[in-house]
$ cat data.txt   # compact mmCIF, C-alpha atoms
# COMPACT_ATOMS: atom_id res chain seq x y z
CA MET P 186 48.33 328.04 76.05
CA THR P 187 47.64 330.73 73.43
CA GLY P 188 47.48 327.97 70.83
CA ILE P 189 44.90 326.04 72.84
CA ALA P 190 42.91 329.26 73.34
CA THR P 191 42.93 329.84 69.58
CA LEU P 192 41.70 326.29 68.94
CA ALA P 193 38.99 326.85 71.56
CA ILE P 194 37.78 329.93 69.66
CA ALA P 195 37.81 327.88 66.45
CA TYR P 196 35.74 325.22 68.19
CA VAL P 197 33.19 327.88 69.15
CA LEU P 198 32.82 328.52 65.42
CA SER P 199 32.53 324.79 64.74
CA GLN P 200 29.70 324.45 67.25
CA PHE P 201 27.99 327.54 65.86
CA TYR P 202 28.05 326.21 62.30
CA ARG P 203 26.51 322.88 63.26
CA SER P 204 23.51 324.46 64.98
CA PHE P 205 22.73 327.89 63.54
CA MET P 206 20.31 326.85 60.78
CA ALA P 207 17.42 326.22 63.17
CA VAL P 208 17.25 329.95 63.87
CA LEU P 209 17.39 330.83 60.16
CA THR P 210 14.62 328.38 59.23
CA PRO P 211 11.98 331.09 58.53
CA ALA P 212 14.38 333.20 56.41
CA LEU P 213 15.76 330.29 54.39
CA THR P 214 12.24 329.02 53.77
CA ALA P 215 10.90 332.42 52.71
CA GLU P 216 13.84 333.62 50.60
CA LEU P 217 15.22 330.42 49.10
CA GLY P 218 12.20 328.12 49.21
CA ALA P 219 14.07 325.67 51.45
CA THR P 220 11.90 322.77 52.65
CA LYS P 221 12.37 320.60 55.73
CA ALA P 222 14.01 318.03 53.45
CA HIS P 223 16.47 320.65 52.15
CA LEU P 224 17.35 321.77 55.67
CA SER P 225 17.80 318.17 56.79
CA LEU P 226 20.10 317.52 53.81
CA ALA P 227 22.12 320.67 54.54
CA SER P 228 22.57 319.78 58.19
CA GLY P 229 23.35 316.18 57.30
CA ALA P 230 25.88 317.30 54.66
CA PHE P 231 27.82 319.19 57.35
CA PHE P 232 28.08 316.13 59.57
CA LEU P 233 28.70 313.68 56.71
CA THR P 234 31.68 315.57 55.26
CA PHE P 235 32.88 316.31 58.81
CA ALA P 236 32.83 312.59 59.57
CA LEU P 237 34.40 311.38 56.33
CA ALA P 238 37.24 313.87 56.70
CA GLN P 239 38.26 312.29 60.02
CA PHE P 240 40.26 309.49 58.42
CA ALA P 241 42.55 311.80 56.47
CA ILE P 242 42.72 314.17 59.46
CA GLY P 243 43.84 311.37 61.78
CA VAL P 244 46.76 310.52 59.50
CA SER P 245 47.54 314.22 58.98
CA LEU P 246 47.62 314.88 62.73
CA ASP P 247 50.08 312.06 63.29
CA ARG P 248 52.23 313.05 60.30
CA PHE P 249 52.03 316.85 60.08
CA GLY P 250 50.65 317.94 63.44
CA PRO P 251 47.58 319.96 64.43
CA ARG P 252 48.87 323.42 63.43
CA ARG P 253 48.94 322.91 59.67
CA THR P 254 46.04 320.46 59.60
CA ALA P 255 43.57 322.70 61.43
CA SER P 256 44.57 326.04 59.90
CA ALA P 257 44.45 324.92 56.26
CA LEU P 258 41.09 323.15 56.43
CA LEU P 259 39.41 325.81 58.56
CA MET P 260 40.47 328.58 56.19
CA LEU P 261 39.55 326.85 52.93
CA GLY P 262 36.53 324.84 54.03
CA GLY P 263 35.12 326.92 56.88
CA GLY P 264 35.79 330.37 55.45
CA GLY P 265 35.00 329.37 51.86
CA GLY P 266 31.81 327.57 52.85
CA ALA P 267 30.55 330.53 54.88
CA ILE P 268 31.14 332.83 51.89
CA LEU P 269 29.14 330.44 49.69
CA PHE P 270 26.33 330.30 52.28
CA ALA P 271 26.13 334.11 52.37
CA ALA P 272 25.82 334.18 48.57
CA ALA P 273 23.33 331.28 48.31
CA SER P 274 20.42 331.77 45.94
CA THR P 275 19.07 328.19 46.00
CA PRO P 276 18.71 325.49 48.67
CA TRP P 277 21.36 323.40 46.90
CA MET P 278 23.93 326.17 47.38
CA VAL P 279 23.17 326.05 51.10
CA ILE P 280 23.71 322.27 51.08
CA ALA P 281 27.04 322.65 49.25
CA ALA P 282 28.11 325.42 51.63
CA MET P 283 27.35 323.28 54.68
CA ALA P 284 29.34 320.38 53.18
CA LEU P 285 32.37 322.69 52.80
CA ILE P 286 31.96 324.09 56.31
CA GLY P 287 31.84 320.54 57.67
CA ILE P 288 35.25 319.79 56.13
CA GLY P 289 36.62 323.06 57.51
CA CYS P 290 35.46 322.42 61.06
CA ALA P 291 36.43 318.74 61.08
CA PRO P 292 40.01 319.05 62.46
CA VAL P 293 39.44 321.67 65.16
CA LEU P 294 38.42 319.61 68.19
CA MET P 295 40.60 316.68 67.09
CA SER P 296 43.63 318.96 67.05
CA SER P 297 42.88 319.95 70.64
CA LEU P 298 42.36 316.34 71.76
CA PHE P 299 45.58 315.30 70.02
CA ILE P 300 47.50 317.93 72.00
CA PHE P 301 45.78 316.92 75.26
CA ALA P 302 46.65 313.26 74.66
CA ARG P 303 50.30 314.05 73.95
CA VAL P 304 50.92 316.67 76.64
CA PHE P 305 48.68 315.76 79.60
CA SER P 306 48.07 312.62 81.63
CA LEU P 307 45.26 310.21 80.81
CA ALA P 308 43.56 311.15 84.09
CA ARG P 309 43.23 314.74 82.90
CA PHE P 310 42.08 313.87 79.38
CA SER P 311 38.38 313.50 80.22
CA VAL P 312 38.23 316.83 82.09
CA LEU P 313 40.14 318.71 79.39
CA ALA P 314 38.11 317.16 76.56
CA SER P 315 34.79 317.85 78.30
CA TRP P 316 35.73 321.40 79.16
CA MET P 317 36.91 322.11 75.62
CA VAL P 318 33.53 320.85 74.39
CA ALA P 319 31.80 322.98 77.03
CA PHE P 320 33.68 326.10 75.99
CA GLY P 321 33.02 325.41 72.33
CA THR P 322 29.34 324.88 73.01
CA ALA P 323 29.17 328.63 73.49
CA GLY P 324 28.83 328.55 69.72
CA ASN P 325 25.38 327.07 70.27
CA VAL P 326 24.60 330.06 72.48
CA ILE P 327 25.74 332.52 69.81
CA GLY P 328 23.74 330.58 67.25
CA ALA P 329 20.52 331.05 69.22
CA ALA P 330 19.09 334.39 70.37
CA PRO P 331 22.16 336.50 69.46
CA LEU P 332 22.07 335.21 65.87
CA ALA P 333 18.33 335.77 65.68
CA GLN P 334 18.76 339.37 66.82
CA ALA P 335 21.68 339.99 64.44
CA ALA P 336 19.76 338.50 61.51
CA GLU P 337 16.76 340.69 62.32
CA ALA P 338 18.93 343.81 62.57
CA PHE P 339 21.34 343.33 59.64
CA GLY P 340 19.99 340.46 57.55
CA TRP P 341 21.32 336.91 57.52
CA ARG P 342 23.57 337.38 54.47
CA PRO P 343 25.76 340.16 55.94
CA VAL P 344 25.96 338.22 59.20
CA MET P 345 27.20 335.11 57.38
CA ALA P 346 29.71 337.17 55.38
CA GLY P 347 31.05 338.62 58.61
CA LEU P 348 31.36 335.13 60.10
CA ALA P 349 33.33 334.02 57.03
CA LEU P 350 35.85 336.79 57.71
CA VAL P 351 36.08 335.82 61.38
CA THR P 352 36.67 332.18 60.40
CA ILE P 353 39.54 333.08 58.09
CA VAL P 354 41.17 335.28 60.75
CA VAL P 355 40.94 332.47 63.33
CA ALA P 356 42.50 330.02 60.86
CA LEU P 357 45.45 332.38 60.39
CA ALA P 358 45.76 332.71 64.18
CA ILE P 359 45.98 328.90 64.49
CA LEU P 360 48.79 328.85 61.92
CA ALA P 361 50.65 331.52 63.87
CA LEU P 362 50.07 330.44 67.47
CA VAL P 363 49.54 326.68 67.76
CA ARG P 364 52.64 324.61 68.58
CA ASP P 365 52.71 320.95 67.59
CA PRO P 366 53.45 318.59 70.51
CA LYS P 367 56.55 316.43 70.36
CA SER P 368 56.16 312.77 69.49
CA PRO P 369 57.36 310.11 71.95
CA PRO P 370 61.00 309.13 71.27
CA GLY P 371 61.45 306.55 68.54
CA MET P 372 57.87 306.74 67.31
CA ASP P 373 57.30 307.08 63.56
CA GLN P 374 53.89 308.72 63.48
CA GLY P 375 53.28 308.28 59.78
CA ALA P 376 54.51 304.71 59.32
CA VAL P 377 51.21 302.94 59.92
CA GLY P 378 49.13 305.20 57.66
CA PHE P 379 45.49 304.26 57.14
CA GLY P 380 46.28 300.72 58.29
CA GLY P 381 46.18 302.06 61.83
CA TYR P 382 42.41 302.26 61.57
CA ARG P 383 42.25 298.52 60.84
CA GLU P 384 44.33 297.88 63.94
CA LEU P 385 41.95 299.98 66.03
CA LEU P 386 38.83 298.34 64.62
CA ARG P 387 40.19 294.92 65.54
CA MET P 388 40.19 295.98 69.20
CA ARG P 389 37.01 294.35 70.52
CA VAL P 390 37.16 296.45 73.68
CA LEU P 391 36.05 299.43 71.57
CA TRP P 392 33.05 297.74 69.96
CA PRO P 393 30.46 298.27 72.75
CA ILE P 394 31.60 301.90 73.14
CA ILE P 395 31.13 302.78 69.48
CA PRO P 396 27.27 302.68 69.27
CA LEU P 397 26.75 305.09 72.18
CA THR P 398 29.54 307.31 70.86
CA ALA P 399 27.66 307.40 67.57
CA ILE P 400 24.21 308.08 69.03
CA ASN P 401 24.57 309.98 72.33
CA TYR P 402 25.11 313.38 70.73
CA ALA P 403 22.64 312.93 67.87
CA PRO P 404 19.37 313.75 69.66
CA THR P 405 20.84 316.81 71.39
CA THR P 406 22.41 318.34 68.32
CA GLY P 407 19.58 317.21 66.05
CA ILE P 408 16.94 318.88 68.20
CA ARG P 409 19.04 321.97 68.93
CA GLY P 410 20.50 322.46 65.46
CA LEU P 411 17.75 321.25 63.13
CA TRP P 412 14.37 320.23 64.51
CA SER P 413 13.73 322.75 67.28
CA GLY P 414 12.99 325.46 64.70
CA PRO P 415 10.50 323.52 62.54
CA TYR P 416 8.91 321.92 65.64
CA LEU P 417 8.32 325.26 67.35
CA VAL P 418 7.06 326.85 64.12
CA ASP P 419 4.70 324.02 63.10
CA VAL P 420 3.29 323.10 66.51
CA TYR P 421 3.42 326.43 68.40
CA GLY P 422 3.54 329.07 65.64
CA ALA P 423 6.86 330.42 66.96
CA ASP P 424 8.70 333.26 65.23
CA THR P 425 12.48 333.68 64.86
CA LEU P 426 12.90 335.45 68.20
CA MET P 427 10.93 332.81 70.14
CA ILE P 428 13.00 330.05 68.52
CA GLY P 429 16.13 331.97 69.49
CA GLN P 430 15.02 332.28 73.11
CA VAL P 431 14.09 328.61 73.52
CA THR P 432 17.25 327.35 71.83
CA LEU P 433 19.34 329.77 73.89
CA PHE P 434 18.26 328.02 77.08
CA MET P 435 19.03 324.64 75.54
CA ALA P 436 22.45 325.88 74.37
CA LEU P 437 23.31 327.16 77.84
CA ALA P 438 22.28 323.79 79.26
CA MET P 439 24.60 322.05 76.78
CA VAL P 440 27.50 324.18 78.04
CA ALA P 441 26.67 323.38 81.66
CA GLY P 442 26.24 319.69 80.89
CA ALA P 443 29.62 319.35 79.20
CA PHE P 444 31.33 321.11 82.13
CA THR P 445 29.50 318.84 84.59
CA TYR P 446 30.44 315.58 82.89
CA GLY P 447 34.14 316.55 82.93
CA PRO P 448 35.10 315.65 86.53
CA LEU P 449 32.36 313.10 87.26
CA ASP P 450 34.40 310.09 86.20
CA THR P 451 37.18 310.98 88.65
CA ILE P 452 34.68 311.71 91.42
CA PHE P 453 32.82 308.40 91.03
CA ARG P 454 35.84 306.45 89.71
CA THR P 455 33.91 305.12 86.73
CA ARG P 456 33.39 306.32 83.19
CA LYS P 457 30.92 303.66 82.13
CA TRP P 458 28.24 304.20 84.75
CA VAL P 459 28.40 307.99 84.60
CA ALA P 460 27.68 307.69 80.87
CA VAL P 461 24.89 305.15 81.44
CA VAL P 462 23.07 307.23 84.05
CA GLY P 463 23.44 310.53 82.20
CA ASN P 464 22.26 309.20 78.85
CA THR P 465 19.36 307.34 80.46
CA ILE P 466 18.09 310.58 81.98
CA GLY P 467 18.29 312.18 78.53
CA LEU P 468 16.42 309.21 77.08
CA LEU P 469 13.57 309.71 79.57
CA ALA P 470 13.36 313.40 78.65
CA ILE P 471 13.00 312.58 74.95
CA LEU P 472 10.44 309.91 75.84
CA TYR P 473 8.36 312.60 77.55
CA LEU P 474 8.17 314.54 74.27
CA ALA P 475 7.40 311.39 72.30
CA VAL P 476 4.46 310.61 74.56
CA ASP P 477 3.21 314.20 74.87
CA VAL P 478 4.42 316.01 71.75
CA LEU P 479 1.78 318.76 72.11
CA THR P 480 2.39 320.30 75.52
CA ASP P 481 3.29 324.01 75.92
CA VAL P 482 6.33 326.13 75.14
CA ALA P 483 7.40 326.40 78.79
CA ALA P 484 7.37 322.62 79.26
CA VAL P 485 9.17 322.10 75.94
CA THR P 486 11.85 324.55 77.05
CA VAL P 487 12.38 322.68 80.32
CA VAL P 488 12.64 319.33 78.50
CA PHE P 489 15.04 320.81 75.93
CA VAL P 490 17.19 322.07 78.80
CA LEU P 491 17.27 318.59 80.36
CA ILE P 492 18.22 317.02 77.01
CA GLY P 493 20.98 319.62 76.65
CA LEU P 494 22.31 318.95 80.16
CA THR P 495 22.51 315.18 79.71
CA GLY P 496 23.67 315.14 76.10
CA GLY P 497 27.21 316.30 76.87
CA SER P 498 28.87 312.92 77.47
CA TYR P 499 31.05 313.18 74.34
CA GLY P 500 34.25 313.99 76.24
CA LEU P 501 33.60 311.21 78.73
CA LEU P 502 33.08 308.62 75.99
CA MET P 503 36.17 309.81 74.14
CA ALA P 504 38.16 309.38 77.36
CA HIS P 505 36.66 305.91 77.82
CA ALA P 506 37.90 304.87 74.39
CA ARG P 507 41.19 306.79 74.74
CA ALA P 508 42.12 304.60 77.72
CA PHE P 509 42.54 301.64 75.32
CA PHE P 510 44.41 303.33 72.41
CA PRO P 511 48.05 302.32 71.78
CA ALA P 512 50.39 305.31 72.01
CA HIS P 513 51.31 305.31 68.31
CA LEU P 514 47.65 305.54 67.25
CA VAL P 515 46.39 308.39 69.40
CA GLY P 516 45.69 310.70 66.46
CA ARG P 517 43.90 308.04 64.49
CA GLY P 518 42.16 306.77 67.61
CA VAL P 519 40.50 310.06 68.53
CA THR P 520 39.55 310.74 64.91
CA LEU P 521 38.11 307.24 64.51
CA MET P 522 35.84 307.71 67.51
CA ASN P 523 34.98 311.20 66.31
CA PHE P 524 34.08 309.70 62.94
CA PHE P 525 31.51 307.52 64.66
CA SER P 526 30.28 310.45 66.79
CA ILE P 527 29.88 312.96 63.98
CA GLY P 528 28.98 310.29 61.41
CA GLY P 529 26.23 309.12 63.73
CA VAL P 530 24.89 312.65 63.96
CA GLY P 531 25.02 313.07 60.17
CA ALA P 532 23.31 309.75 59.53
CA MET P 533 20.65 310.63 62.08
CA GLN P 534 20.06 314.00 60.41
CA PHE P 535 19.33 312.24 57.12
CA ALA P 536 17.30 309.52 58.85
CA THR P 537 15.21 311.94 60.90
CA GLY P 538 14.49 313.97 57.77
CA ALA P 539 13.11 310.82 56.18
CA VAL P 540 11.16 309.93 59.33
CA VAL P 541 9.55 313.36 59.58
CA THR P 542 8.75 313.52 55.85
CA ALA P 543 7.20 310.03 55.87
CA SER P 544 5.16 310.76 58.99
CA VAL P 545 3.50 314.00 57.89
CA VAL P 546 -0.29 313.92 58.26
CA PRO P 547 -2.13 316.86 56.65
CA GLY P 548 -3.66 319.04 59.35
CA GLU P 549 -1.85 317.14 62.12
CA PRO P 550 1.58 318.78 62.63
CA THR P 551 2.23 316.78 65.79
CA ALA P 552 2.29 313.39 64.01
CA ALA P 553 5.66 313.95 62.33
CA TYR P 554 7.32 315.17 65.52
CA SER P 555 5.92 312.33 67.60
CA ALA P 556 7.55 309.93 65.12
CA LEU P 557 10.78 311.94 65.34
CA PHE P 558 11.02 311.73 69.12
CA TRP P 559 10.11 308.03 69.17
CA PHE P 560 12.88 307.40 66.64
CA TYR P 561 15.38 309.12 68.93
CA VAL P 562 14.12 307.05 71.88
CA VAL P 563 14.60 303.73 70.06
CA MET P 564 18.05 304.57 68.72
CA LEU P 565 19.44 306.00 71.96
CA GLY P 566 17.91 303.22 74.05
CA THR P 567 19.50 300.57 71.83
CA ALA P 568 22.93 302.25 72.07
CA ILE P 569 22.74 302.44 75.88
CA PHE P 570 21.79 298.76 76.05
CA ILE P 571 24.83 297.72 73.95
CA TYR P 572 27.10 299.98 76.02
CA LEU P 573 26.22 297.96 79.13
CA TRP P 574 28.68 295.31 77.85
CA ALA P 575 31.58 297.81 77.67
CA ARG P 576 34.63 297.27 79.86
CA ASP P 577 34.85 300.11 82.36
CA ALA P 578 37.90 302.39 82.45
CA LYS P 579 38.33 303.53 86.02
CA PRO P 580 40.32 306.78 86.03
CA GLN P 581 43.02 307.58 88.53
CA PRO P 582 42.52 310.64 90.77
CA LEU P 583 43.82 313.88 89.31
CA ALA P 584 47.36 314.72 90.35
$ encode --input "data.txt" --output "structure tokens"
Amino acid sequence: MTGIATLAIAYVLSQFYRSFMAVLTPALTAELGATKAHLSLASGAFFLTFALAQFAIGVSLDRFGPRRTASALLMLGGGGGAILFAAASTPWMVIAAMALIGIGCAPVLMSSLFIFARVFSLARFSVLASWMVAFGTAGNVIGAAPLAQAAEAFGWRPVMAGLALVTIVVALAILALVRDPKSPPGMDQGAVGFGGYRELLRMRVLWPIIPLTAINYAPTTGIRGLWSGPYLVDVYGADTLMIGQVTLFMALAMVAGAFTYGPLDTIFRTRKWVAVVGNTIGLLAILYLAVDVLTDVAAVTVVFVLIGLTGGSYGLLMAHARAFFPAHLVGRGVTLMNFFSIGGVGAMQFATGAVVTASVVPGEPTAAYSALFWFYVVMLGTAIFIYLWARDAKPQPLA
């Protein structure tokens, strides 16, 4: 259990790194001349490298186990990228740093899910995956008001340097404490190699699940980690502390949402319809902002909280797909679905940057954000519609 606890702490760091830039928007703009396009590229670079690394990580998990896979990448990519971020003197150094951090964080959750899939029953997988995500989402909390206060007190560069040190220490703890689970008897984990992904992609039962897996998390993390800062600054004149307070509430809601999704599939005996209802509520919340982009900070905070609560279906969708994986492809299966999840977020970060940039109207700051929210509505609505054709995976009651 100490190994799982260490991976949970590492996942807190992973969640922090994917969301902290919204709070630092004013400082990065003032000191480095970072534009919205730069920030979108930096955030997208994290998710793109995170996603692309999944294929090699899936093979590495099956061949070498989670201990060596997670510790090596977190130390070199996560720790090294945070050091580069702290030393950044141009926006492009920030983009490169975020790309490195994405590679470093890429194996952390997958290592945990790999262990869950090998050690625990399928009925427990959804709860464990959702609760790991919920615990890790505390990184979003740290990346909100606490980060804003630390940056105000000490400066963002010393704070990032300190986080680099913490990341390296956690990576060493993973190497020391995580124990690789035993493979099923007679199973050669490395024999299939990258061909295992072709076998998975030929499974038509996964096809309707993939679009929602790719899109469900994108609006939540995009708003929380990237667009909440610029939106609150441009439309409401918010400062760093106000951004930190609003995003703190959203981050807490994301934690609560992930915990809530965990047992719902066993309570209602369906994964599909829990995901449909939850994501539809989130869709309606985003639609509210698309229709009324200029409201007030209190209303925006409430809507952000609702989006955070309903955007935590990642663990549920992973469990839905996990129900159909063959035993010898568990590592590659979870990383394939995570590729679509994180890759979808990364692609949406780039796409939303283009949408916002193309929709700017001089003197009308609301125009760009109205286009942003409508874009999220269309993409999420399409993914939910496709998911309606997914075969349900009805979980057994917990033992």
$ closest_residue --input "data.txt" --among "P:Val440, P:Ala543, P:Ile471, P:Ala578" --to "Phe320 of chain P" --atoms "only C-alpha atoms"
P:Val440
$ closest_residue --input "data.txt" --among "P:Leu198, P:Ala236, P:Val482, P:Ala323" --to "Met427 of chain P" --atoms "all atoms listed in the file"
P:Val482
$ residues_around --input "data.txt" --residues "Ala195 of chain P" --least-positions-apart "2" --cutoff "12 Å" --atoms "all atoms listed in the file" --output "PyMOL selection string"
chain P and resi 188-193+197-202+255-256+258-260+263-264+289-297+317-318+320-324+348+351-360+363
$ atom_distance --input "data.txt" --atom1 "atom CA of Ala282 of chain P" --atom2 "atom CA of Ala219 of chain P"
14.0 Å
$ atom_distance --input "data.txt" --atom1 "atom CA of Ile452 of chain P" --atom2 "atom CA of Gly516 of chain P"
27.3 Å
$ closest_residue --input "data.txt" --among "P:Gly422, P:Gly496, P:Pro343, P:Pro547" --to "Thr465 of chain P" --atoms "only C-alpha atoms"
P:Gly496
$ closest_residue --input "data.txt" --among "P:Asp450, P:Tyr572, P:Pro393, P:Tyr196" --to "Asn464 of chain P" --atoms "only C-alpha atoms"
P:Tyr572
$ closest_residue --input "data.txt" --among "P:Ile571, P:Leu449, P:Gly218, P:Thr551" --to "Val418 of chain P" --atoms "all atoms listed in the file"
P:Thr551
$ build_atoms --input "data.txt" --residues "segment 337-367 of chain P" --atoms "N, CA and C atoms" --output "JSON list (two decimals), in the coordinates of the input"
[["chain", "number", "residue", "atom", "x", "y", "z"],
["P", 337, "GLU", "N", 17.87, 339.73, 62.40],
["P", 337, "GLU", "CA", 16.76, 340.69, 62.32],
["P", 337, "GLU", "C", 17.29, 342.10, 62.06],
["P", 338, "ALA", "N", 18.41, 342.44, 62.67],
["P", 338, "ALA", "CA", 18.93, 343.81, 62.57],
["P", 338, "ALA", "C", 19.67, 344.06, 61.26],
["P", 339, "PHE", "N", 20.46, 343.09, 60.79],
["P", 339, "PHE", "CA", 21.34, 343.33, 59.64],
["P", 339, "PHE", "C", 21.02, 342.46, 58.43],
["P", 340, "GLY", "N", 20.23, 341.42, 58.62],
["P", 340, "GLY", "CA", 19.99, 340.46, 57.55],
["P", 340, "GLY", "C", 20.95, 339.29, 57.68],
["P", 341, "TRP", "N", 20.50, 338.09, 57.31],
["P", 341, "TRP", "CA", 21.32, 336.91, 57.52],
["P", 341, "TRP", "C", 22.53, 336.84, 56.59],
["P", 342, "ARG", "N", 22.43, 337.44, 55.40],
["P", 342, "ARG", "CA", 23.57, 337.38, 54.47],
["P", 342, "ARG", "C", 24.77, 338.19, 54.97],
["P", 343, "PRO", "N", 24.60, 339.44, 55.38],
["P", 343, "PRO", "CA", 25.76, 340.16, 55.94],
["P", 343, "PRO", "C", 26.33, 339.49, 57.19],
["P", 344, "VAL", "N", 25.47, 338.91, 58.01],
["P", 344, "VAL", "CA", 25.96, 338.22, 59.20],
["P", 344, "VAL", "C", 26.84, 337.04, 58.81],
["P", 345, "MET", "N", 26.42, 336.25, 57.82],
["P", 345, "MET", "CA", 27.20, 335.11, 57.38],
["P", 345, "MET", "C", 28.51, 335.55, 56.72],
["P", 346, "ALA", "N", 28.48, 336.65, 55.98],
["P", 346, "ALA", "CA", 29.71, 337.17, 55.38],
["P", 346, "ALA", "C", 30.70, 337.60, 56.46],
["P", 347, "GLY", "N", 30.19, 338.23, 57.50],
["P", 347, "GLY", "CA", 31.05, 338.62, 58.61],
["P", 347, "GLY", "C", 31.65, 337.42, 59.31],
["P", 348, "LEU", "N", 30.85, 336.35, 59.47],
["P", 348, "LEU", "CA", 31.36, 335.13, 60.10],
["P", 348, "LEU", "C", 32.43, 334.45, 59.24],
["P", 349, "ALA", "N", 32.29, 334.56, 57.92],
["P", 349, "ALA", "CA", 33.33, 334.02, 57.03],
["P", 349, "ALA", "C", 34.66, 334.71, 57.28],
["P", 350, "LEU", "N", 34.62, 336.03, 57.42],
["P", 350, "LEU", "CA", 35.85, 336.79, 57.71],
["P", 350, "LEU", "C", 36.45, 336.37, 59.04],
["P", 351, "VAL", "N", 35.61, 336.24, 60.06],
["P", 351, "VAL", "CA", 36.08, 335.82, 61.38],
["P", 351, "VAL", "C", 36.74, 334.44, 61.30],
["P", 352, "THR", "N", 36.13, 333.53, 60.54],
["P", 352, "THR", "CA", 36.67, 332.18, 60.40],
["P", 352, "THR", "C", 38.06, 332.19, 59.78],
["P", 353, "ILE", "N", 38.24, 332.99, 58.75],
["P", 353, "ILE", "CA", 39.54, 333.08, 58.09],
["P", 353, "ILE", "C", 40.59, 333.66, 59.03],
["P", 354, "VAL", "N", 40.23, 334.67, 59.79],
["P", 354, "VAL", "CA", 41.17, 335.28, 60.75],
["P", 354, "VAL", "C", 41.58, 334.26, 61.82],
["P", 355, "VAL", "N", 40.63, 333.49, 62.32],
["P", 355, "VAL", "CA", 40.94, 332.47, 63.33],
["P", 355, "VAL", "C", 41.86, 331.40, 62.75],
["P", 356, "ALA", "N", 41.63, 331.01, 61.50],
["P", 356, "ALA", "CA", 42.50, 330.02, 60.86],
["P", 356, "ALA", "C", 43.94, 330.53, 60.78],
["P", 357, "LEU", "N", 44.11, 331.79, 60.44],
["P", 357, "LEU", "CA", 45.45, 332.38, 60.39],
["P", 357, "LEU", "C", 46.08, 332.44, 61.79],
["P", 358, "ALA", "N", 45.26, 332.69, 62.80],
["P", 358, "ALA", "CA", 45.76, 332.71, 64.18],
["P", 358, "ALA", "C", 46.25, 331.32, 64.60],
["P", 359, "ILE", "N", 45.54, 330.27, 64.19],
["P", 359, "ILE", "CA", 45.98, 328.90, 64.49],
["P", 359, "ILE", "C", 47.35, 328.64, 63.86],
["P", 360, "LEU", "N", 47.51, 329.04, 62.61],
["P", 360, "LEU", "CA", 48.79, 328.85, 61.92],
["P", 360, "LEU", "C", 49.92, 329.57, 62.65],
["P", 361, "ALA", "N", 49.62, 330.72, 63.22],
["P", 361, "ALA", "CA", 50.65, 331.52, 63.87],
["P", 361, "ALA", "C", 50.94, 331.09, 65.31],
["P", 362, "LEU", "N", 49.93, 330.59, 66.02],
["P", 362, "LEU", "CA", 50.07, 330.44, 67.47],
["P", 362, "LEU", "C", 50.13, 329.00, 67.98],
["P", 363, "VAL", "N", 49.55, 328.05, 67.27],
["P", 363, "VAL", "CA", 49.54, 326.68, 67.76],
["P", 363, "VAL", "C", 50.93, 326.07, 67.61],
["P", 364, "ARG", "N", 51.36, 325.31, 68.62],
["P", 364, "ARG", "CA", 52.64, 324.61, 68.58],
["P", 364, "ARG", "C", 52.36, 323.11, 68.61],
["P", 365, "ASP", "N", 52.91, 322.40, 67.65],
["P", 365, "ASP", "CA", 52.71, 320.95, 67.59],
["P", 365, "ASP", "C", 53.44, 320.25, 68.73],
["P", 366, "PRO", "N", 52.77, 319.31, 69.42],
["P", 366, "PRO", "CA", 53.45, 318.59, 70.51],
["P", 366, "PRO", "C", 54.49, 317.63, 69.97],
["P", 367, "LYS", "N", 55.50, 317.36, 70.77],
["P", 367, "LYS", "CA", 56.55, 316.43, 70.36],
["P", 367, "LYS", "C", 56.04, 314.99, 70.43]]
